[in-house]
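Novice: Before we start, here is the structure in question, set down as structure tokens.
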Amino acid sequence: MANPTRLRRIADQIQRELSDLIRNEVKDPRVGMVTITGVEVSSDLAHAKVYFTSLAEQDREDSLQGLQRAAGFLRSQLASRLRIHNMPELHFRYDASIEQGIRLSKLIDEAVQNKSNDGE
């Protein structure tokens, strides 16, 4: 089992390198403007969950398919950039937390607006 601090450093490095690789090396048109929001690495370094967001909601599924298709290429590129013995297998997941945060913020704003209108 790896040190939690080491796992966090590896996850952060994978996130930075993946962001660069996706922006500059991935040629799949399905992978549009995606942002890597986080990476979780398993304690045995066998797997990495890579969380991403996409600008357009309709691009979400296309981006996921494109990233899954490019996972082998991205893993091999990461292996040449990082100095770790075992390169984790990449598993891409859509990160809906930002959309949920925006939705909750709108609901709060509406509730505050309704309360101020009721008080007048």
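Labeling convention for the structure tokens: chains A, B, ... as they appear, residues from 1 per chain, ligands from 1 in order of appearance.
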If you count only C-alpha atoms, which residues fall within 10 Å of Tyr51 of chain A, apart from same-chain ones fewer than 5 positions away, as an mmCIF file with N, CA and C atoms, in the first residue's frame?
Specialist:
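The result, stored in around.cif:
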data_model
loop_
_atom_site.group_PDB
_atom_site.id
_atom_site.type_symbol
_atom_site.label_atom_id
_atom_site.label_comp_id
_atom_site.auth_asym_id
_atom_site.auth_seq_id
_atom_site.Cartn_x
_atom_site.Cartn_y
_atom_site.Cartn_z
ATOM 1 N N GLN A 15 -3.054 14.433 -13.353
ATOM 2 C CA GLN A 15 -4.036 15.445 -13.765
ATOM 3 C C GLN A 15 -3.374 16.517 -14.628
ATOM 4 N N THR A 35 -12.193 19.622 -19.401
ATOM 5 C CA THR A 35 -11.328 20.020 -18.307
ATOM 6 C C THR A 35 -11.222 18.841 -17.348
ATOM 7 N N ILE A 36 -10.014 18.476 -17.008
ATOM 8 C CA ILE A 36 -9.797 17.416 -16.031
ATOM 9 C C ILE A 36 -9.954 18.051 -14.650
ATOM 10 N N THR A 37 -10.958 17.606 -13.904
ATOM 11 C CA THR A 37 -11.255 18.222 -12.606
ATOM 12 C C THR A 37 -10.629 17.477 -11.437
ATOM 13 N N GLY A 38 -10.245 16.240 -11.640
ATOM 14 C CA GLY A 38 -9.632 15.497 -10.549
ATOM 15 C C GLY A 38 -9.228 14.105 -10.974
ATOM 16 N N VAL A 39 -8.314 13.533 -10.200
ATOM 17 C CA VAL A 39 -7.855 12.169 -10.440
ATOM 18 C C VAL A 39 -7.766 11.469 -9.089
ATOM 19 N N GLU A 40 -8.297 10.267 -9.015
ATOM 20 C CA GLU A 40 -8.174 9.423 -7.824
ATOM 21 C C GLU A 40 -7.406 8.176 -8.224
ATOM 22 N N HIS A 91 -9.598 5.349 -16.110
ATOM 23 C CA HIS A 91 -11.040 5.179 -16.193
ATOM 24 C C HIS A 91 -11.656 6.575 -16.140
ATOM 25 N N PHE A 92 -12.275 7.003 -17.226
ATOM 26 C CA PHE A 92 -12.826 8.351 -17.301
ATOM 27 C C PHE A 92 -14.261 8.381 -16.789
ATOM 28 N N ARG A 93 -14.574 9.420 -16.003
ATOM 29 C CA ARG A 93 -15.905 9.626 -15.435
ATOM 30 C C ARG A 93 -16.288 11.093 -15.612
ATOM 31 N N TYR A 94 -17.540 11.324 -15.967
ATOM 32 C CA TYR A 94 -18.006 12.699 -16.076
ATOM 33 C C TYR A 94 -18.237 13.254 -14.674
ATOM 34 N N ASP A 95 -17.763 14.450 -14.417
ATOM 35 C CA ASP A 95 -17.893 15.105 -13.113
ATOM 36 C C ASP A 95 -19.062 16.085 -13.170
ATOM 37 N N ALA A 96 -20.163 15.699 -12.562
ATOM 38 C CA ALA A 96 -21.372 16.532 -12.593
ATOM 39 C C ALA A 96 -21.431 17.515 -11.431
#
Novice: Using backbone DSSP assignments, extract all strand (DSSP E or B) residues from chain A; output them as a list in words.
Specialist: Val34, Thr35, Ile36, Thr37, Gly38, Val39, Glu40, Val41, His47, Ala48, Lys49, Val50, Tyr51, Phe52, Thr53, Ser54, Glu89, Leu90, His91, Phe92, Arg93 and Tyr94 of chain A
Novice: Which of these, A:Leu82, A:Leu21, A:Val41, A:Ile98, has the shortest distance to Ala2 of chain A once you count only C-alpha atoms?
Specialist: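 Among the listed residues, the smallest separation from Ala2 of chain A belongs to A:Val41.
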Novice: Give me, as a PyMOL selection string, all polymer residues having an atom no more than 12 Å from Asn3 of chain A, counting only C-alpha atoms and skipping those fewer than 6 positions away in the same chain.
Specialist: chain A and resi 9-10+41-45
Novice: Those residues with C-alpha atoms, as a short mmCIF file (atom, residue, chain, number, x, y, z; two decimals), in the first residue's frame please?
Specialist:
data_model
loop_
_atom_site.label_atom_id
_atom_site.label_comp_id
_atom_site.auth_asym_id
_atom_site.auth_seq_id
_atom_site.Cartn_x
_atom_site.Cartn_y
_atom_site.Cartn_z
CA ARG A 9 1.23 13.73 -5.65
CA ILE A 10 0.92 11.07 -8.34
CA VAL A 41 -5.47 6.76 -7.82
CA SER A 42 -6.01 3.36 -6.21
CA SER A 43 -3.64 2.42 -3.40
CA ASP A 44 -1.95 -0.24 -5.55
CA LEU A 45 -1.52 2.23 -8.46
#
Novice: Hey, what does DSSP flag as helix (DSSP H, G or I) within segment 48-85 of chain A? Can you give it to me as a PyMOL selection string?
Specialist: chain A and resi 57-81
Novice: Quote the spacing between atom CA of Asp59 of chain A and atom CA of Ile102 of chain A in Å to one decimal place.
Specialist: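 About the pair atom CA of Asp59 of chain A and atom CA of Ile102 of chain A: they are 18.2 Å apart.
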Novice: Please determine, counting only C-alpha atoms, which residue among A:Ser97, A:Ser105, A:Gln113, A:Gln13 has the shortest atom-to-atom distance to Ser54 of chain A.
Specialist: A:Ser97
Novice: Check the smallest atom-to-atom distance from each of A:Lys49, A:Arg103, A:Arg83, A:Lys27 to Gly66 of chain A using only C-alpha atoms, then report the winner.
Specialist: A:Lys27
